[in-house]
Each structure stands twice: as structure tokens, then as C-alpha cells.
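Below: input-v1.pdb (PDB, C-alpha atoms (C1' of nucleotides))
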```pdb
MODEL        1
ATOM      1  CA  MET H   1       0.000   0.000   0.000
ATOM      2  CA  THR H   2       2.818   2.312   0.798
ATOM      3  CA  THR H   3       4.212   1.281  -2.586
ATOM      4  CA  GLU H   4       0.951   2.176  -4.266
ATOM      5  CA  MET H   5       1.251   5.664  -2.892
ATOM      6  CA  LEU H   6       4.778   6.012  -4.143
ATOM      7  CA  THR H   7       4.041   4.804  -7.646
ATOM      8  CA  ALA H   8       1.000   7.058  -7.797
ATOM      9  CA  LEU H   9       3.114  10.011  -6.740
ATOM     10  CA  ASP H  10       5.744   9.038  -9.268
ATOM     11  CA  GLN H  11       3.202   8.942 -12.055
ATOM     12  CA  ALA H  12       2.020  12.359 -11.010
ATOM     13  CA  GLY H  13       5.514  13.613 -11.652
ATOM     14  CA  VAL H  14       6.450  14.073  -8.015
ATOM     15  CA  ARG H  15      10.031  13.407  -6.970
ATOM     16  CA  LEU H  16      10.462  10.388  -4.803
ATOM     17  CA  THR H  17      12.790  11.805  -2.235
ATOM     18  CA  GLY H  18      14.037  10.222   0.963
ATOM     19  CA  PRO H  19      11.691  12.078   3.315
ATOM     20  CA  ARG H  20       8.731  11.299   1.103
ATOM     21  CA  ARG H  21       9.548   7.607   1.034
ATOM     22  CA  GLN H  22      10.010   7.519   4.777
ATOM     23  CA  LEU H  23       6.797   9.378   5.482
ATOM     24  CA  THR H  24       4.661   7.227   3.217
ATOM     25  CA  GLU H  25       6.244   4.255   4.950
ATOM     26  CA  LEU H  26       5.116   5.651   8.300
ATOM     27  CA  ILE H  27       1.646   6.310   6.967
ATOM     28  CA  GLY H  28       1.489   2.730   5.796
ATOM     29  CA  ARG H  29       2.390   1.430   9.255
ATOM     30  CA  ARG H  30      -0.411   3.372  10.832
ATOM     31  CA  GLN H  31      -3.777   1.831  10.554
ATOM     32  CA  GLY H  32      -6.666   4.175  10.308
ATOM     33  CA  HIS H  33      -6.618   7.902  10.557
ATOM     34  CA  PHE H  34      -3.838  10.053  11.872
ATOM     35  CA  THR H  35      -3.249  13.715  12.446
ATOM     36  CA  ALA H  36      -0.383  15.712  11.025
ATOM     37  CA  ALA H  37       1.011  16.006  14.536
ATOM     38  CA  GLU H  38       0.976  12.228  15.011
ATOM     39  CA  LEU H  39       2.809  11.649  11.786
ATOM     40  CA  LEU H  40       5.344  14.248  12.762
ATOM     41  CA  ASP H  41       5.798  12.561  16.121
ATOM     42  CA  ASP H  42       6.398   9.237  14.417
ATOM     43  CA  ALA H  43       9.107  10.809  12.346
ATOM     44  CA  GLU H  44      10.726  12.505  15.319
ATOM     45  CA  ARG H  45      10.626   9.373  17.447
ATOM     46  CA  ARG H  46      12.635   7.621  14.755
ATOM     47  CA  ARG H  47      15.050  10.497  14.510
ATOM     48  CA  LEU H  48      14.474  10.899  10.796
ATOM     49  CA  GLY H  49      15.207  14.575  10.989
ATOM     50  CA  ILE H  50      12.121  15.467   9.011
ATOM     51  CA  GLY H  51      10.695  18.945   9.480
ATOM     52  CA  ARG H  52       7.163  19.976  10.188
ATOM     53  CA  ALA H  53       6.843  21.713   6.846
ATOM     54  CA  THR H  54       7.754  18.592   4.918
ATOM     55  CA  VAL H  55       5.000  16.661   6.626
ATOM     56  CA  PHE H  56       2.380  19.228   5.756
ATOM     57  CA  ARG H  57       3.671  19.562   2.231
ATOM     58  CA  LEU H  58       3.509  15.828   1.643
ATOM     59  CA  LEU H  59       0.010  15.600   3.063
ATOM     60  CA  GLU H  60      -1.030  18.319   0.671
ATOM     61  CA  LEU H  61       0.455  16.412  -2.243
ATOM     62  CA  LEU H  62      -1.245  13.204  -1.205
ATOM     63  CA  ALA H  63      -4.544  14.986  -0.814
ATOM     64  CA  GLU H  64      -4.216  16.460  -4.308
ATOM     65  CA  GLN H  65      -3.825  12.965  -5.671
ATOM     66  CA  SER H  66      -6.725  11.745  -3.515
ATOM     67  CA  LEU H  67      -4.418   9.206  -1.946
ATOM     68  CA  VAL H  68      -5.325  10.604   1.390
ATOM     69  CA  GLU H  69      -8.428  12.409   2.492
ATOM     70  CA  ARG H  70      -8.711  15.064   5.100
ATOM     71  CA  LEU H  71     -11.600  14.581   7.424
ATOM     72  CA  ASP H  72     -13.058  16.248  10.447
ATOM     73  CA  LEU H  73     -13.445  14.164  13.544
ATOM     74  CA  PRO H  74     -16.513  14.699  15.726
ATOM     75  CA  ASP H  75     -14.292  16.338  18.337
ATOM     76  CA  GLY H  76     -13.241  18.962  15.830
ATOM     77  CA  ARG H  77      -9.736  17.712  15.116
ATOM     78  CA  HIS H  78      -8.472  17.262  11.601
ATOM     79  CA  ALA H  79      -7.244  13.895  10.527
ATOM     80  CA  TYR H  80      -6.048  12.205   7.393
ATOM     81  CA  ILE H  81      -7.002   8.826   6.079
ATOM     82  CA  PRO H  82      -5.244   6.884   3.343
ATOM     83  CA  CYS H  83      -7.734   5.815   0.712
ATOM     84  CA  GLU H  84      -8.493   4.848  -2.815
ATOM     85  CA  PRO H  85      -8.860   7.703  -5.263
ATOM     86  CA  THR H  86     -12.491   6.966  -6.055
ATOM     87  CA  HIS H  87     -15.606   8.484  -4.621
ATOM     88  CA  HIS H  88     -16.572   6.857  -1.372
ATOM     89  CA  HIS H  89     -17.196   7.585   2.271
ATOM     90  CA  HIS H  90     -15.444   6.777   5.469
ATOM     91  CA  LEU H  91     -16.507   4.757   8.409
ATOM     92  CA  VAL H  92     -14.340   5.628  11.341
ATOM     93  CA  CYS H  93     -14.043   3.704  14.587
ATOM     94  CA  LEU H  94     -14.281   6.127  17.487
ATOM     95  CA  ASN H  95     -12.474   3.693  19.748
ATOM     96  CA  CYS H  96      -9.362   2.641  17.857
ATOM     97  CA  GLY H  97      -9.335   4.939  14.855
ATOM     98  CA  THR H  98      -9.485   2.196  12.240
ATOM     99  CA  SER H  99     -11.391   3.181   9.200
ATOM    100  CA  THR H 100     -13.043   1.500   6.284
ATOM    101  CA  ASP H 101     -14.219   2.864   3.039
ATOM    102  CA  VAL H 102     -17.791   2.272   2.098
ATOM    103  CA  GLY H 103     -19.158   2.651  -1.368
ATOM    104  CA  ASP H 104     -22.400   4.186  -2.381
ATOM    105  CA  CYS H 105     -24.878   2.478  -0.024
ATOM    106  CA  GLY H 106     -27.729   4.422  -1.581
ATOM    107  CA  ILE H 107     -26.715   7.944  -0.782
ATOM    108  CA  ASP H 108     -27.660   9.043  -4.270
ATOM    109  CA  ALA H 109     -31.263   8.449  -3.393
ATOM    110  CA  VAL H 110     -30.839  10.738  -0.398
ATOM    111  CA  THR H 111     -29.260  13.567  -2.348
ATOM    112  CA  THR H 112     -31.889  13.270  -5.052
ATOM    113  CA  GLU H 113     -34.641  13.445  -2.472
ATOM    114  CA  ALA H 114     -33.032  16.413  -0.764
ATOM    115  CA  ALA H 115     -32.690  18.159  -4.118
ATOM    116  CA  ARG H 116     -36.314  17.514  -4.924
ATOM    117  CA  ARG H 117     -37.513  18.916  -1.598
ATOM    118  CA  SER H 118     -35.324  21.988  -1.620
ATOM    119  CA  GLY H 119     -34.944  22.904  -5.265
ATOM    120  CA  PHE H 120     -31.177  22.940  -4.828
ATOM    121  CA  GLU H 121     -28.903  21.546  -7.475
ATOM    122  CA  ILE H 122     -26.565  19.358  -5.498
ATOM    123  CA  GLN H 123     -22.960  19.285  -6.586
ATOM    124  CA  GLN H 124     -21.049  17.825  -3.710
ATOM    125  CA  HIS H 125     -21.684  15.929  -0.539
ATOM    126  CA  ARG H 126     -19.738  14.820   2.410
ATOM    127  CA  LEU H 127     -20.785  11.893   4.508
ATOM    128  CA  GLU H 128     -18.833  10.674   7.475
ATOM    129  CA  LEU H 129     -19.943   7.784   9.624
ATOM    130  CA  PHE H 130     -18.630   7.200  13.109
ATOM    131  CA  GLY H 131     -19.058   4.163  15.296
ATOM    132  CA  THR H 132     -17.373   1.087  16.703
ATOM    133  CA  CYS H 133     -15.568  -1.441  14.554
ATOM    134  CA  PRO H 134     -16.188  -5.187  14.898
ATOM    135  CA  ASP H 135     -12.909  -5.719  16.773
ATOM    136  CA  CYS H 136     -13.617  -3.117  19.391
ATOM    137  CA  GLN H 137     -17.151  -4.398  19.800
ATOM    138  CA  SER H 138     -15.934  -7.847  20.803
ATOM    139  CA  LYS H 139     -13.169  -6.508  23.036
ATOM    140  CA  LYS H 140     -15.631  -4.405  24.945
ATOM    141  CA  ARG H 141     -17.942  -7.312  25.368
ATOM    142  CA  VAL H 142     -15.107  -9.319  26.976
ATOM    143  CA  LYS H 143     -13.939  -6.542  29.282
ATOM    144  CA  ARG H 144     -17.285  -5.879  30.840
TER     145      ARG H 144
ATOM    146  CA  MET M 145     -35.593  34.431  14.318
ATOM    147  CA  THR M 146     -33.095  36.443  16.240
ATOM    148  CA  THR M 147     -35.792  36.650  18.897
ATOM    149  CA  GLU M 148     -36.130  32.889  18.892
ATOM    150  CA  MET M 149     -32.474  32.583  19.704
ATOM    151  CA  LEU M 150     -32.755  35.018  22.554
ATOM    152  CA  THR M 151     -35.769  33.380  24.135
ATOM    153  CA  ALA M 152     -34.120  29.986  23.794
ATOM    154  CA  LEU M 153     -31.006  31.306  25.485
ATOM    155  CA  ASP M 154     -33.135  32.893  28.169
ATOM    156  CA  GLN M 155     -34.894  29.631  28.858
ATOM    157  CA  ALA M 156     -31.537  27.940  29.143
ATOM    158  CA  GLY M 157     -30.720  30.304  31.978
ATOM    159  CA  VAL M 158     -28.293  32.420  30.002
ATOM    160  CA  ARG M 159     -28.096  36.115  30.747
ATOM    161  CA  LEU M 160     -29.344  38.321  27.955
ATOM    162  CA  THR M 161     -26.639  40.919  27.965
ATOM    163  CA  GLY M 162     -26.030  43.738  25.534
ATOM    164  CA  PRO M 163     -23.279  42.067  23.539
ATOM    165  CA  ARG M 164     -25.285  38.862  23.262
ATOM    166  CA  ARG M 165     -28.325  40.701  21.976
ATOM    167  CA  GLN M 166     -26.255  42.616  19.470
ATOM    168  CA  LEU M 167     -24.460  39.545  18.215
ATOM    169  CA  THR M 168     -27.613  37.485  17.753
ATOM    170  CA  GLU M 169     -29.003  40.469  15.902
ATOM    171  CA  LEU M 170     -26.006  40.384  13.567
ATOM    172  CA  ILE M 171     -26.367  36.656  13.095
ATOM    173  CA  GLY M 172     -30.000  37.191  12.170
ATOM    174  CA  ARG M 173     -29.067  39.739   9.536
ATOM    175  CA  ARG M 174     -26.691  37.336   7.889
ATOM    176  CA  GLN M 175     -28.297  34.802   5.697
ATOM    177  CA  GLY M 176     -26.633  31.475   5.523
ATOM    178  CA  HIS M 177     -23.398  30.457   7.100
ATOM    179  CA  PHE M 178     -20.757  32.697   8.550
ATOM    180  CA  THR M 179     -17.400  32.272  10.141
ATOM    181  CA  ALA M 180     -16.416  33.548  13.536
ATOM    182  CA  ALA M 181     -14.150  36.060  11.854
ATOM    183  CA  GLU M 182     -16.974  37.395   9.701
ATOM    184  CA  LEU M 183     -19.206  37.882  12.702
ATOM    185  CA  LEU M 184     -16.404  39.629  14.511
ATOM    186  CA  ASP M 185     -15.871  41.879  11.500
ATOM    187  CA  ASP M 186     -19.551  42.780  11.465
ATOM    188  CA  ALA M 187     -19.303  43.800  15.083
ATOM    189  CA  GLU M 188     -16.163  45.835  14.535
ATOM    190  CA  ARG M 189     -17.536  47.568  11.479
ATOM    191  CA  ARG M 190     -20.428  48.790  13.601
ATOM    192  CA  ARG M 191     -18.103  49.880  16.365
ATOM    193  CA  LEU M 192     -19.900  47.798  18.944
ATOM    194  CA  GLY M 193     -16.732  47.353  20.943
ATOM    195  CA  ILE M 194     -17.259  43.624  21.231
ATOM    196  CA  GLY M 195     -14.183  41.502  21.836
ATOM    197  CA  ARG M 196     -13.049  38.411  19.997
ATOM    198  CA  ALA M 197     -13.539  36.274  23.065
ATOM    199  CA  THR M 198     -17.157  37.263  23.450
ATOM    200  CA  VAL M 199     -17.899  36.174  19.916
ATOM    201  CA  PHE M 200     -16.387  32.755  20.434
ATOM    202  CA  ARG M 201     -18.048  32.379  23.801
ATOM    203  CA  LEU M 202     -21.455  33.181  22.361
ATOM    204  CA  LEU M 203     -20.989  30.779  19.476
ATOM    205  CA  GLU M 204     -20.126  28.082  21.975
ATOM    206  CA  LEU M 205     -23.295  28.811  23.929
ATOM    207  CA  LEU M 206     -25.414  28.753  20.804
ATOM    208  CA  ALA M 207     -23.841  25.488  19.727
ATOM    209  CA  GLU M 208     -24.589  23.930  23.103
ATOM    210  CA  GLN M 209     -28.219  24.815  22.631
ATOM    211  CA  SER M 210     -28.115  23.566  19.040
ATOM    212  CA  LEU M 211     -29.259  26.968  17.873
ATOM    213  CA  VAL M 212     -26.251  27.056  15.657
ATOM    214  CA  GLU M 213     -24.261  24.240  14.149
ATOM    215  CA  ARG M 214     -20.633  24.226  13.349
ATOM    216  CA  LEU M 215     -19.866  22.802   9.962
ATOM    217  CA  ASP M 216     -16.895  22.256   7.739
ATOM    218  CA  LEU M 217     -16.965  23.847   4.338
ATOM    219  CA  PRO M 218     -15.493  21.943   1.385
ATOM    220  CA  ASP M 219     -12.569  24.376   1.374
ATOM    221  CA  GLY M 220     -11.673  23.423   4.924
ATOM    222  CA  ARG M 221     -12.941  26.507   6.704
ATOM    223  CA  HIS M 222     -15.159  26.314   9.736
ATOM    224  CA  ALA M 223     -18.491  28.006   9.583
ATOM    225  CA  TYR M 224     -21.593  28.321  11.687
ATOM    226  CA  ILE M 225     -25.172  28.024  10.592
ATOM    227  CA  PRO M 226     -28.251  29.050  12.547
ATOM    228  CA  CYS M 227     -30.686  26.166  12.724
ATOM    229  CA  GLU M 228     -33.464  24.351  14.468
ATOM    230  CA  PRO M 229     -32.445  22.199  17.419
ATOM    231  CA  THR M 230     -33.522  18.909  15.906
ATOM    232  CA  HIS M 231     -31.515  16.323  14.048
ATOM    233  CA  HIS M 232     -31.165  17.233  10.433
ATOM    234  CA  HIS M 233     -28.642  17.994   7.770
ATOM    235  CA  HIS M 234     -27.595  21.061   5.931
ATOM    236  CA  LEU M 235     -27.794  21.993   2.345
ATOM    237  CA  VAL M 236     -25.420  24.811   1.650
ATOM    238  CA  CYS M 237     -25.330  26.981  -1.446
ATOM    239  CA  LEU M 238     -21.762  27.269  -2.667
ATOM    240  CA  ASN M 239     -22.567  30.466  -4.483
ATOM    241  CA  CYS M 240     -24.336  32.670  -1.956
ATOM    242  CA  GLY M 241     -23.955  30.755   1.277
ATOM    243  CA  THR M 242     -27.657  30.367   1.958
ATOM    244  CA  SER M 243     -28.511  27.160   3.671
ATOM    245  CA  THR M 244     -31.552  25.047   4.243
ATOM    246  CA  ASP M 245     -32.149  22.264   6.647
ATOM    247  CA  VAL M 246     -33.255  18.973   5.276
ATOM    248  CA  GLY M 247     -34.816  16.254   7.334
ATOM    249  CA  ASP M 248     -34.121  12.572   7.156
ATOM    250  CA  CYS M 249     -34.446  11.922   3.404
ATOM    251  CA  GLY M 250     -33.666   8.258   3.962
ATOM    252  CA  ILE M 251     -30.222   8.464   5.396
ATOM    253  CA  ASP M 252     -31.060   5.827   7.979
ATOM    254  CA  ALA M 253     -31.242   3.288   5.219
ATOM    255  CA  VAL M 254     -27.745   4.272   4.163
ATOM    256  CA  THR M 255     -26.239   3.949   7.610
ATOM    257  CA  THR M 256     -27.959   0.624   8.126
ATOM    258  CA  GLU M 257     -26.602  -0.648   4.861
ATOM    259  CA  ALA M 258     -23.109   0.569   5.657
ATOM    260  CA  ALA M 259     -23.290  -1.099   9.063
ATOM    261  CA  ARG M 260     -24.393  -4.362   7.489
ATOM    262  CA  ARG M 261     -21.547  -4.333   4.994
ATOM    263  CA  SER M 262     -18.817  -3.393   7.425
ATOM    264  CA  GLY M 263     -19.854  -4.921  10.705
ATOM    265  CA  PHE M 264     -19.473  -1.521  12.369
ATOM    266  CA  GLU M 265     -21.940  -0.325  14.929
ATOM    267  CA  ILE M 266     -22.749   3.171  13.782
ATOM    268  CA  GLN M 267     -23.227   5.796  16.453
ATOM    269  CA  GLN M 268     -22.964   9.103  14.669
ATOM    270  CA  HIS M 269     -23.077  10.464  11.203
ATOM    271  CA  ARG M 270     -22.479  13.715   9.524
ATOM    272  CA  LEU M 271     -23.909  14.591   6.176
ATOM    273  CA  GLU M 272     -23.344  17.861   4.453
ATOM    274  CA  LEU M 273     -24.701  18.669   1.036
ATOM    275  CA  PHE M 274     -23.329  21.420  -1.151
ATOM    276  CA  GLY M 275     -24.765  22.853  -4.310
ATOM    277  CA  THR M 276     -26.590  25.792  -5.830
ATOM    278  CA  CYS M 277     -29.805  27.186  -4.425
ATOM    279  CA  PRO M 278     -32.826  27.913  -6.641
ATOM    280  CA  ASP M 279     -32.164  31.669  -6.598
ATOM    281  CA  CYS M 280     -28.603  31.357  -7.767
ATOM    282  CA  GLN M 281     -29.618  28.864 -10.416
ATOM    283  CA  SER M 282     -31.971  31.317 -12.059
ATOM    284  CA  LYS M 283     -29.540  34.223 -11.739
ATOM    285  CA  LYS M 284     -26.852  32.265 -13.473
ATOM    286  CA  ARG M 285     -29.189  31.299 -16.216
ATOM    287  CA  VAL M 286     -29.908  34.966 -16.873
ATOM    288  CA  LYS M 287     -26.294  36.068 -16.777
ATOM    289  CA  ARG M 288     -25.030  33.593 -19.316
TER     290      ARG M 288
ATOM    291  C1'  DC Z 289      23.700  21.143 -13.738
ATOM    292  C1'  DT Z 290      19.143  22.780 -13.108
ATOM    293  C1'  DT Z 291      15.209  22.213 -10.802
ATOM    294  C1'  DC Z 292      12.892  21.047  -7.079
ATOM    295  C1'  DA Z 293      12.609  19.558  -2.041
ATOM    296  C1'  DT Z 294      14.217  20.210   2.633
ATOM    297  C1'  DG Z 295      14.936  21.926   7.422
ATOM    298  C1'  DC Z 296      14.692  25.540  10.250
ATOM    299  C1'  DA Z 297      12.580  29.362  12.289
ATOM    300  C1'  DA Z 298       9.540  32.815  12.038
ATOM    301  C1'  DA Z 299       5.152  34.246  10.693
ATOM    302  C1'  DC Z 300       0.256  33.439  10.571
ATOM    303  C1'  DC Z 301      -4.035  32.158  11.272
ATOM    304  C1'  DC Z 302      -7.841  30.744  14.542
ATOM    305  C1'  DT Z 303      -9.315  29.897  19.110
ATOM    306  C1'  DT Z 304      -8.840  29.862  24.169
ATOM    307  C1'  DT Z 305      -7.482  31.678  28.648
ATOM    308  C1'  DG Z 306      -6.362  34.864  32.677
ATOM    309  C1'  DC Z 307      -7.612  38.707  34.790
ATOM    310  C1'  DA Z 308      -9.326  43.207  36.431
ATOM    311  C1'  DC Z 309     -13.432  45.626  35.646
ATOM    312  C1'  DG Z 310     -18.357  46.198  34.545
ATOM    313  C1'  DT Z 311     -23.098  44.635  34.411
ATOM    314  C1'  DC Z 312     -27.408  41.772  35.001
ATOM    315  C1'  DG Z 313     -30.963  40.269  37.767
TER     316       DG Z 313
ATOM    317  C1'  DC I 314     -25.019  42.912  46.244
ATOM    318  C1'  DG I 315     -23.173  38.676  44.281
ATOM    319  C1'  DA I 316     -22.616  35.982  40.410
ATOM    320  C1'  DC I 317     -21.709  36.171  36.009
ATOM    321  C1'  DG I 318     -20.170  38.449  31.532
ATOM    322  C1'  DT I 319     -16.844  41.448  29.201
ATOM    323  C1'  DG I 320     -12.756  43.437  26.870
ATOM    324  C1'  DC I 321      -8.138  43.214  26.419
ATOM    325  C1'  DA I 322      -3.942  41.117  25.765
ATOM    326  C1'  DA I 323      -1.377  37.255  25.915
ATOM    327  C1'  DA I 324      -0.941  32.424  25.323
ATOM    328  C1'  DG I 325      -1.789  28.343  22.665
ATOM    329  C1'  DG I 326      -2.459  25.157  18.986
ATOM    330  C1'  DG I 327      -2.132  24.028  14.173
ATOM    331  C1'  DT I 328      -0.513  25.252   9.598
ATOM    332  C1'  DT I 329       2.104  28.037   6.238
ATOM    333  C1'  DT I 330       5.949  30.635   4.415
ATOM    334  C1'  DG I 331      10.748  32.584   3.383
ATOM    335  C1'  DC I 332      15.103  31.367   2.637
ATOM    336  C1'  DA I 333      19.680  29.336   2.290
ATOM    337  C1'  DT I 334      21.230  24.668   1.711
ATOM    338  C1'  DG I 335      21.036  20.006  -0.218
ATOM    339  C1'  DA I 336      19.422  16.216  -3.108
ATOM    340  C1'  DA I 337      17.032  14.260  -7.499
ATOM    341  C1'  DG I 338      16.808  13.389 -12.183
TER     342       DG I 338
ENDMDL
END
```

Show how you would write the structure in this file as C-alpha cells.
Amino acid sequence: MTTEMLTALDQAGVRLTGPRRQLTELIGRRQGHFTAAELLDDAERRRLGIGRATVFRLLELLAEQSLVERLDLPDGRHAYIPCEPTHHHHLVCLNCGTSTDVGDCGIDAVTTEAARRSGFEIQQHRLELFGTCPDCQSKKRVKR
Amino acid sequence: MTTEMLTALDQAGVRLTGPRRQLTELIGRRQGHFTAAELLDDAERRRLGIGRATVFRLLELLAEQSLVERLDLPDGRHAYIPCEPTHHHHLVCLNCGTSTDVGDCGIDAVTTEAARRSGFEIQQHRLELFGTCPDCQSKKRVKR
DNA sequence: CTTCATGCAAACCCTTTGCACGTCG
DNA sequence: CGACGTGCAAAGGGTTTGCATGAAG
């Protein structure tokens, strides 16, 4: 997956530099969403000598290529999620941060209905689902 | 509508002070979403002598009472929208900023389907729709 | 070798906080 | 009067930018 990101960046004409390789590697190791600060911490903990700016600049590049998507957590923080560059939505686990992509699931019907009721011409939508993933569900059941 | 906000705040045991009255007034004048900075600008332009902090503190109060909802614009900015304190979603005009609330429109079916596919237990969702409102549609048609 | 990326630090938002003073009820 | 709200300024986070140096193709 980390390789996919690199080849996609390469094809987009982006230089595959050391810091970029290392950061995508770190992103790959993380499962689920992460904040810019977390990624930066990862890099610092490994003494990679990567600057804040580089992290933000790479995230911007990845977002341009839709290899990563910026999302807003319910608590207001910003996070990034690695994902496929096709239209989809995210299902985020509030407990462990894992996320899954979900496809359409019938949202088109919703937007159409909303358009009909309001007279708006809908161009974009953003749907984010938050809950508990299967893993965390079973762990909680055991603990209690 | 600005009165509605005030009475709702009153009922919540919040003091109806001068600055709060003036700010809700300004919110009422605005149609559609606004950012904290815009509201602050409004206040400064009218020389109301209202501080930054007061603006943020009022927005927090209004959000607690669900009289206003904080939302994330597609461009990443944070905005606030005055709204009814019931569960619903927003339809925001990308051209003029007007917004409408839309009710359910069948989103429950979508979350249920997503839950079924993923095994997640869904607790929260956020849906934001962006497009062009009827007014702006007709204006554009005339212009071009 | 030329272009582009990097690290660093400073600059910039946006938002929150501490505090002395003013105001509401 | 007493609790609460206010303005101001400063602090705090997160993100961006300017610039001299260093690496990629």
C-alpha cells in the first residue's frame, strides 16, 4: 500500500525523495486515521530529521492525488485517512481509529430526495460515519 | 428568528446581555453560514466594541443549545449556521452561502446498509450537502 | 547542472485563557 | 449585592511561508 502511494506520486511527476519515502512508509504502518502532529511525532521518534513543513507539504500532495483524504473528527480535530482515489465515504471507529471505506450504499437516493424537496442543485456531498468497529465491539464485550 | 435565539437562550438560563443581543441580531441579519471572523468583523464595522472572546463564547453557547451548528466547508474553513435544534442535515449553497435544513431523506437506510456491509456499529453520522440554491440557479441562467 | 525539495525558524491564522473591571438580575 | 459576563492582551495550537542549503533526475 505504501508502494501504491509512491508509484501514484511518481506517475504524477512528483520526486520520490528520501523524506517522502520515509513518510509514506510511516503512513502505511499506521492503521486508520492520523493527524499531522501524530505523523510528525512518528518521524521525530525515529530520529528521521524530518521537518514539520515537509510533513504538511507531503500531506497536501497526497490529498491532491486523492491518496489521502482530510476529514473532520466529531471532536473537531483534523485527521487524514489513506484511501483509494475513487468516490466513497469513510466509516471511522471512534475507539481505535481504524477506518473502512464504504461505497455508495444508496446515498444518491438521499441527495436526489433532498434536491427535490429543496430545489437545490446538489454538486457535492460529504458523509462521514462514526461508530465502533467489529474488533472493538468484541473486546468491549469481553472486558465488561 | 433572532428573537427565537434570545428566548431559547433565556430559557436555558443564560443572561441576555447587551453584547449577546447585538451579536444574535447580527447573526440574524446574515443569511446562511458565517465564520467567527466574519461575525467579529460585522461587530467591529459597527463599532460595537465587542471583543473576539465574546464572539467565540457566544458561538459556543449557541452550539450547546443547538441553535447554531458548526460545519466544515469543502474548502476546509469552519463556519456556523443558525438552525433548528432537531436532528437534520444542511444543504449549503456554494454560491451565496444560503442554507436550508433537510430532514431525514432516507439516510437511515444508508447507515444501516453501511453497518451491514462493514460490521461496524454506527453511532454518529455527519452529512453535508453542497450545491446551488434555486435563486442562484436562475440568476446564473440569466447572466449567461 | 538545473530544478525542485528540505529543514529551520519565524510568521500566521484561529481559538482559548487569565484577569481586572463592569453589568445583570 | 453577588454571580456572572466582558474586553483586552497574551498564550496556545495548528498550519504556512521565506530562505539558504542540499538532493534528485

- List the residues selected by the PyMOL selection byres ((chain M) within 10 of (chain H)) in the file shown, writing them as JSON, numbers by chain. {"M": [214, 215, 216, 217, 218, 220, 222, 233, 234, 235, 236, 237, 238, 243, 244, 245, 246, 247, 248, 249, 250, 251, 252, 253, 254, 255, 256, 257, 258, 259, 261, 262, 263, 264, 265, 266, 267, 268, 269, 270, 271, 272, 273, 274, 275, 276, 277, 278, 279, 280, 281]}

Dump of C-alpha atoms for the selected residues, as a CSV table (one decimal), in the coordinates of the input:
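Final output, saved to out_12.csv:
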```csv
chain,number,residue,atom,x,y,z
M,214,ARG,CA,-20.6,24.2,13.3
M,215,LEU,CA,-19.9,22.8,10.0
M,216,ASP,CA,-16.9,22.3,7.7
M,217,LEU,CA,-17.0,23.8,4.3
M,218,PRO,CA,-15.5,21.9,1.4
M,220,GLY,CA,-11.7,23.4,4.9
M,222,HIS,CA,-15.2,26.3,9.7
M,233,HIS,CA,-28.6,18.0,7.8
M,234,HIS,CA,-27.6,21.1,5.9
M,235,LEU,CA,-27.8,22.0,2.3
M,236,VAL,CA,-25.4,24.8,1.6
M,237,CYS,CA,-25.3,27.0,-1.4
M,238,LEU,CA,-21.8,27.3,-2.7
M,243,SER,CA,-28.5,27.2,3.7
M,244,THR,CA,-31.6,25.0,4.2
M,245,ASP,CA,-32.1,22.3,6.6
M,246,VAL,CA,-33.3,19.0,5.3
M,247,GLY,CA,-34.8,16.3,7.3
M,248,ASP,CA,-34.1,12.6,7.2
M,249,CYS,CA,-34.4,11.9,3.4
M,250,GLY,CA,-33.7,8.3,4.0
M,251,ILE,CA,-30.2,8.5,5.4
M,252,ASP,CA,-31.1,5.8,8.0
M,253,ALA,CA,-31.2,3.3,5.2
M,254,VAL,CA,-27.7,4.3,4.2
M,255,THR,CA,-26.2,3.9,7.6
M,256,THR,CA,-28.0,0.6,8.1
M,257,GLU,CA,-26.6,-0.6,4.9
M,258,ALA,CA,-23.1,0.6,5.7
M,259,ALA,CA,-23.3,-1.1,9.1
M,261,ARG,CA,-21.5,-4.3,5.0
M,262,SER,CA,-18.8,-3.4,7.4
M,263,GLY,CA,-19.9,-4.9,10.7
M,264,PHE,CA,-19.5,-1.5,12.4
M,265,GLU,CA,-21.9,-0.3,14.9
M,266,ILE,CA,-22.7,3.2,13.8
M,267,GLN,CA,-23.2,5.8,16.5
M,268,GLN,CA,-23.0,9.1,14.7
M,269,HIS,CA,-23.1,10.5,11.2
M,270,ARG,CA,-22.5,13.7,9.5
M,271,LEU,CA,-23.9,14.6,6.2
M,272,GLU,CA,-23.3,17.9,4.5
M,273,LEU,CA,-24.7,18.7,1.0
M,274,PHE,CA,-23.3,21.4,-1.2
M,275,GLY,CA,-24.8,22.9,-4.3
M,276,THR,CA,-26.6,25.8,-5.8
M,277,CYS,CA,-29.8,27.2,-4.4
M,278,PRO,CA,-32.8,27.9,-6.6
M,279,ASP,CA,-32.2,31.7,-6.6
M,280,CYS,CA,-28.6,31.4,-7.8
M,281,GLN,CA,-29.6,28.9,-10.4
```

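Residues of chain Z lying within 9 Å of chain M, counting all atoms listed in the file, are DC302, DT303, DT304, DT311, DC312 and DG313 of chain Z.
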
Pull out every residue of chain I that has at least one atom within 12 Å of chain H, counting only C-alpha atoms (C1' of nucleotides), and report them as a PyMOL selection string.
chain I and resi 326-330+335-338

Expressed in Å, the length from CA of Phe178 in chain M to CA of Gly195 in chain M is 17.2 Å

A straight line from CA of Ile50 in chain H to CA of Pro19 in chain H spans 6.6 Å

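Counting only C-alpha atoms (C1' of nucleotides), DT334 in chain I has the following residues at most 12 Å away, ignoring those fewer than 2 positions along the same chain: DA293, DT294, DG295 and DC296 of chain Z; DC332 and DA336 of chain I.
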
As JSON, please report the centre and edge lengths, rounded to one decimal in Å, of the axis-aligned box that holds all listed atoms of range 328-338 of chain I with 3 Å of padding on each of the six sides.
```
{"center_x": 10.4, "center_y": 23.0, "center_z": -1.3, "size_x": 27.7, "size_y": 25.2, "size_z": 27.8}
```

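Between CA of Cys83 in chain H and CA of Asn95 in chain H the separation is 19.7 Å.
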
Residue IDs satisfying the PyMOL selection byres ((chain I and resi 323) around 10), as JSON, numbers by chain: {"Z": [305, 306], "I": [321, 322, 324, 325]}

For this session: Pick out the residues sitting within 12 Å of DG331 in chain I, and hand them over as a ChimeraX atom specification; count all atoms listed in the file, and ignore anything fewer than 6 positions along from it in its own chain.
Result: /Z:296-299

Could you take the residues named above and write them with C-alpha atoms (C1' of nucleotides), as a PDB file, in the coordinates of the input?
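The resulting part_25.pdb:
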```
ATOM      1  C1'  DC Z 296      14.692  25.540  10.250  1.00  0.00           C
ATOM      2  C1'  DA Z 297      12.580  29.362  12.289  1.00  0.00           C
ATOM      3  C1'  DA Z 298       9.540  32.815  12.038  1.00  0.00           C
ATOM      4  C1'  DA Z 299       5.152  34.246  10.693  1.00  0.00           C
TER       5       DA Z 299
END
```

Quick one: residues within 12 Å of Thr7 in chain H, all atoms listed in the file, excluding same-chain residues fewer than 3 positions away - as a ChimeraX atom specification? /H:1-4,10-16,20-21,24,62,65,67

| task | Do a neighbour search on Glu69 in chain H at 6 Å with only C-alpha atoms (C1' of nucleotides), toss out local chain neighbours closer than 2 positions, and write the hits as a ChimeraX atom specification. | result | /H:63,80-81
